[in-house]
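Structure record follows, encoded as structure tokens.
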Amino acid sequence: MTPLSPQPGGADVATSGCCPPQAAREPGCCFPDHPPGDDAGQPCCGGPQAPAASPMARPGYELCPFVETFLNTLAGPVPVVATRLDRRDRLGTLGARLGYGRDGYRAAPGLYAVGRPGTKDPVLVTADYKLTFDALRRELHGVDAWILVLDTRGVNVWCAAGKGTFSARETARVVTASQLPLVVSHRRLIVPQLAAPGLDAREVKRLCGFTAVFGPVRAADLPAFLRAGNRADPAMRRVTFTLGERLAVTPVEIYHARKWLWWAALAAVLASGVGPAVFSLTAAFERGAWLVAALAAGLAGGAVAVPVLLPWLPGRAFAVKGAAAGGLAGCAAVLAMAASPVPPAGGLGVAAMLLVSSGLGSFLAMNFTGSTPFTSPSGVEREMRRAMPLQAAGLAAAAVLWIASAF
Amino acid sequence: MRKMRYLSGVATIALDVGKCVGCGLCEQVCPHGVLAMADGRAAIVDRDGCMECGACVTNCPAGAVAVTPGVGCAAFILQVWLKGKARASCC
């Protein structure tokens with residue numbers, strides 16, 4: 001792999017700041033009297049020399065680490081991308097999955113190549129979210145194709161289609177901007193099936209003359225789709241939500257909830273201090289720990305158990321699944337409290353803890369609908385209208401019971 | 001996916017078979033197999049599987065399919081309720 005960008009201290013001897021003053025200079029160091037260019041490989045003062053700048057380096061640009069080389073075309077040089085992800089890609093993926101560095105994690109829109117494509121090879125259209133771009137190129141080992149990246153504002157294909165940024169207009173814009181008609185002799189684009197909510201295939205044809213063919217849902221099916229002459233079998237056209245896919249979208253839900261969960265924990269501790277002595281700091285921490293445990297149980301139930309156990313939890317509404325999972329996790333917290341040497345809460349407290357964990361589990365599970373590929377807005381709205389008043393009532397009842405249990 | 005079904009009887013998808021020109025694009029773009037071709041015309045074969053993504057509506061050349069489009073995400077709907085449609089954002 002070639003270096004990222006021009007390395008300082010390479011051959012730029014004249015501007016090198018590493019040399020001692022004239023008088024102290026030893027012969028042979030940096031620039032004595034030998035002509036420029038004669039010092040290749042010569043160690044300068046202080047450590048081994050950095051490698052020379054990549055021949056692909058250009059002033060003012062940073063070379064993306066996933067670019068292997070450039071392919072000369074009638075539309076100018078086109079970057080050829082690697083089909084294997086490296087450590088930096090995997091770190092970026094991890095960050096995006098956890099929620100850190102998710103915004104602005106993008107690949108520059110425009111034309112790329114994979115393998116050594118020619119004028120007859122297919123053009124695959126995709127989004128500029130780096131996670132999407134990586135998911136595509138990693139599946140294209142051994143394939144010669146062009147990749148056309150649209151400006152979807154750092155958003156994946158399906159969500160960008162929903163927002164209208166993965167559209168026929170944007171496709172036509174990038175086709176023109178990248179001078180694609182000079183690069184390929186055919187007039188056909190393979191667009192992801194999940195772009196369909198935002199992309200009208202006929203409009204692509206109208207706007208730029210290219211026929212848009214819907215490819216499979218998953219990039220992994222692309223090689224088979226191409227081999228079959230651009231035909232997708234029915235399974236390639238269906239979305240799935242496997243355990244692996246569910247686990248991949250789990251951390252980001254917790255990341256989004258973390259902000260208000262800290263406030264909830266603080267509120268739980270403060271409420272736990274209220275008692276016969278008006279406010280007791282000892283009670284705030286001793287009793288508060290158990291109410292926070294109930295919150296943690298709700299989090300584990302609603303944001304972890306629901307995604308993992310989704311097909312097996314009772315009910316179709318996510319609010320119901322979450323209440324069940326959160327309630328069950330809350331039972332574990334209650335059992336742990338009962339086993340502690342001096343249980344700080346009786347029956348009222350136990351009821352409050354269970355209400356907190358099932359209520360929070362229910363709310364978090366409801367929020368998980370946004371990460372699933374099968375919940376309809378009509379359905380989500382219906383369950384929200386039914387569940388949210390119950391969740392709010394449960395929270396209020398829990399607060400009353402928990403404070404009452406201190407007296 | 002067969003084990004994961006959402007609420008029944010809520011999807012707003014509607015098909016006007018009279019307008020259908022039989023191109024089959026709706027069957028192709030639907031990620032849940034809600035629409036299928038039968039005798040050269042589209043038919044709704046799994047209404048409750050519909051997640052209202054709008055792929056069929058966007059790509060129907062005859063305007064034969066209709067659905068109330070939206071995002072099936074509670075966090076987004078909550079934002080719409082609290083801040084209004086214009087200021088709501090989703091992931």
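In the structure tokens, the first chain shown is A, the next is B, and so on; residue numbers restart at 1 for each chain, and ligands run from 1 in the order shown.
Looking only at chain B, the set that DSSP places in helix (DSSP H, G or I) from backbone geometry is Val17, Gly18, Lys19, Leu25, Cys26, Glu27, Gln28, Val29, Arg47, Asp48, Gly49, Ala55, Cys56, Val57, Thr58, Asn59, Ala74, Ala75, Phe76, Ile77, Leu78, Gln79, Val80, Trp81, Leu82 and Lys83 of chain B.
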Practice task
Write out as an MDAnalysis selection string every residue belonging to chain B that has an atom at most 7 Å from any atom of chain A, counting only C-alpha atoms.
Solution key: chainID B and resid 1 3:7 10:11 29 31:32 50:55 58:59 70:75
Problem - Contacts of Arg173 of chain A at 9 Å (only C-alpha atoms; same-chain gap of 4+ positions) as a PyMOL selection string - result: chain A and resi 150+168-169+177-178+207-208
Residues within 9 Å of segment 299-305 of chain A, only C-alpha atoms, excluding chain neighbours under 2 positions, as a CSV table (one decimal) with N, CA and C atoms, in the first residue's frame:
chain,number,residue,atom,x,y,z
A,247,LEU,N,-27.9,-7.5,15.2
A,247,LEU,CA,-26.8,-7.1,16.2
A,247,LEU,C,-26.0,-5.9,15.7
A,250,THR,N,-27.7,-2.8,16.7
A,250,THR,CA,-28.0,-2.6,18.1
A,250,THR,C,-27.2,-1.5,18.8
A,251,PRO,N,-25.9,-1.4,18.7
A,251,PRO,CA,-25.1,-0.5,19.5
A,251,PRO,C,-25.5,1.0,19.2
A,253,GLU,N,-28.4,2.2,18.7
A,253,GLU,CA,-29.6,2.6,19.4
A,253,GLU,C,-29.2,3.0,20.9
A,254,ILE,N,-28.3,2.2,21.5
A,254,ILE,CA,-27.8,2.6,22.8
A,254,ILE,C,-27.1,3.9,22.8
A,261,LEU,N,-30.4,8.9,29.0
A,261,LEU,CA,-30.3,7.9,30.0
A,261,LEU,C,-29.5,8.3,31.3
A,294,ALA,N,-32.7,-1.0,37.9
A,294,ALA,CA,-33.9,-1.2,37.1
A,294,ALA,C,-33.9,-0.6,35.8
A,295,LEU,N,-33.3,0.7,35.7
A,295,LEU,CA,-33.1,1.3,34.5
A,295,LEU,C,-32.2,0.5,33.5
A,296,ALA,N,-31.1,0.0,34.1
A,296,ALA,CA,-30.1,-0.8,33.3
A,296,ALA,C,-30.8,-2.0,32.8
A,297,ALA,N,-31.7,-2.6,33.6
A,297,ALA,CA,-32.5,-3.8,33.2
A,297,ALA,C,-33.4,-3.4,32.0
A,307,PRO,N,-33.7,-6.7,20.0
A,307,PRO,CA,-33.1,-7.0,18.7
A,307,PRO,C,-32.7,-8.4,18.6
A,308,VAL,N,-32.1,-9.0,19.7
A,308,VAL,CA,-31.5,-10.3,19.6
A,308,VAL,C,-32.7,-11.4,19.5
A,309,LEU,N,-33.7,-11.2,20.4
A,309,LEU,CA,-34.8,-12.2,20.5
A,309,LEU,C,-36.0,-11.8,19.7
A,310,LEU,N,-35.9,-10.8,18.8
A,310,LEU,CA,-37.0,-10.3,18.1
A,310,LEU,C,-38.1,-11.3,17.5
A,319,ALA,N,-43.6,-2.3,21.3
A,319,ALA,CA,-43.8,-1.8,22.7
A,319,ALA,C,-44.1,-3.0,23.6
A,321,LYS,N,-43.2,-6.3,23.0
A,321,LYS,CA,-42.0,-7.1,23.1
A,321,LYS,C,-41.1,-6.5,24.1
A,322,GLY,N,-40.9,-5.1,24.0
A,322,GLY,CA,-40.0,-4.4,24.9
A,322,GLY,C,-40.4,-4.5,26.4
A,323,ALA,N,-41.7,-4.4,26.6
A,323,ALA,CA,-42.2,-4.4,28.0
A,323,ALA,C,-41.9,-5.8,28.6
A,324,ALA,N,-42.1,-6.8,27.8
A,324,ALA,CA,-41.9,-8.2,28.2
A,324,ALA,C,-40.4,-8.4,28.5
A,325,ALA,N,-39.5,-8.0,27.6
A,325,ALA,CA,-38.1,-8.2,27.8
A,325,ALA,C,-37.6,-7.4,28.9
A,326,GLY,N,-38.0,-6.1,29.0
A,326,GLY,CA,-37.6,-5.2,30.1
A,326,GLY,C,-38.1,-5.7,31.4
A,327,GLY,N,-39.3,-6.2,31.5
A,327,GLY,CA,-39.9,-6.7,32.7
A,327,GLY,C,-39.2,-7.9,33.2
A,328,LEU,N,-38.8,-8.8,32.3
A,328,LEU,CA,-38.0,-10.0,32.6
A,328,LEU,C,-36.7,-9.6,33.2
A,329,ALA,N,-36.0,-8.7,32.5
A,329,ALA,CA,-34.7,-8.2,33.0
A,329,ALA,C,-34.9,-7.5,34.4
A,330,GLY,N,-36.0,-6.8,34.5
A,330,GLY,CA,-36.3,-6.2,35.8
A,330,GLY,C,-36.5,-7.2,36.9
A,357,SER,N,-38.4,-0.8,34.6
A,357,SER,CA,-37.7,-1.6,33.6
A,357,SER,C,-38.6,-2.0,32.5
A,358,SER,N,-39.9,-2.3,32.8
A,358,SER,CA,-40.7,-2.7,31.6
A,358,SER,C,-41.1,-1.5,30.8
A,360,LEU,N,-39.3,1.4,30.4
A,360,LEU,CA,-38.1,1.8,29.6
A,360,LEU,C,-37.9,0.8,28.5
A,361,GLY,N,-38.0,-0.5,28.8
A,361,GLY,CA,-37.8,-1.5,27.8
A,361,GLY,C,-38.8,-1.3,26.6
A,362,SER,N,-40.0,-1.0,27.0
A,362,SER,CA,-41.1,-0.8,26.0
A,362,SER,C,-40.8,0.4,25.1
A,363,PHE,N,-40.4,1.5,25.7
A,363,PHE,CA,-40.0,2.7,25.0
A,363,PHE,C,-38.8,2.5,24.0
A,364,LEU,N,-37.8,1.8,24.6
A,364,LEU,CA,-36.6,1.6,23.7
A,364,LEU,C,-36.9,0.7,22.6
A,365,ALA,N,-37.7,-0.4,22.8
A,365,ALA,CA,-38.0,-1.3,21.8
A,365,ALA,C,-38.8,-0.6,20.7
A,366,MET,N,-39.7,0.3,21.1
A,366,MET,CA,-40.5,1.1,20.1
A,366,MET,C,-39.5,1.9,19.2
A,367,ASN,N,-38.5,2.5,19.9
A,367,ASN,CA,-37.5,3.2,19.1
A,367,ASN,C,-36.8,2.4,18.1
A,368,PHE,N,-36.7,1.1,18.4
A,368,PHE,CA,-35.9,0.2,17.6
A,368,PHE,C,-36.6,0.0,16.2
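We find atom CA of Leu136 of chain A and atom CA of Ala219 of chain A to be spaced 5.3 Å apart.
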Exercise for the section: Quick one: everything within 7 Å of Gly209 of chain A, counting only C-alpha atoms, minus sequence neighbours fewer than 3 positions away in the same chain. Send it as a ChimeraX atom specification. Expected result: /A:187,205-206
Can I get the selected residues back with C-alpha atoms, as a compact mmCIF listing (two decimals), in the first residue's frame?
# COMPACT_ATOMS: atom_id res chain seq x y z
CA ARG A 187 -26.03 3.05 -21.66
CA LYS A 205 -33.60 7.34 -18.73
CA ARG A 206 -35.35 10.61 -19.48
Practice task
Work out how far atom CA of Arg137 of chain A is from atom CA of Gly92 of chain A, in Å to one decimal.
Solution key: 15.0 Å
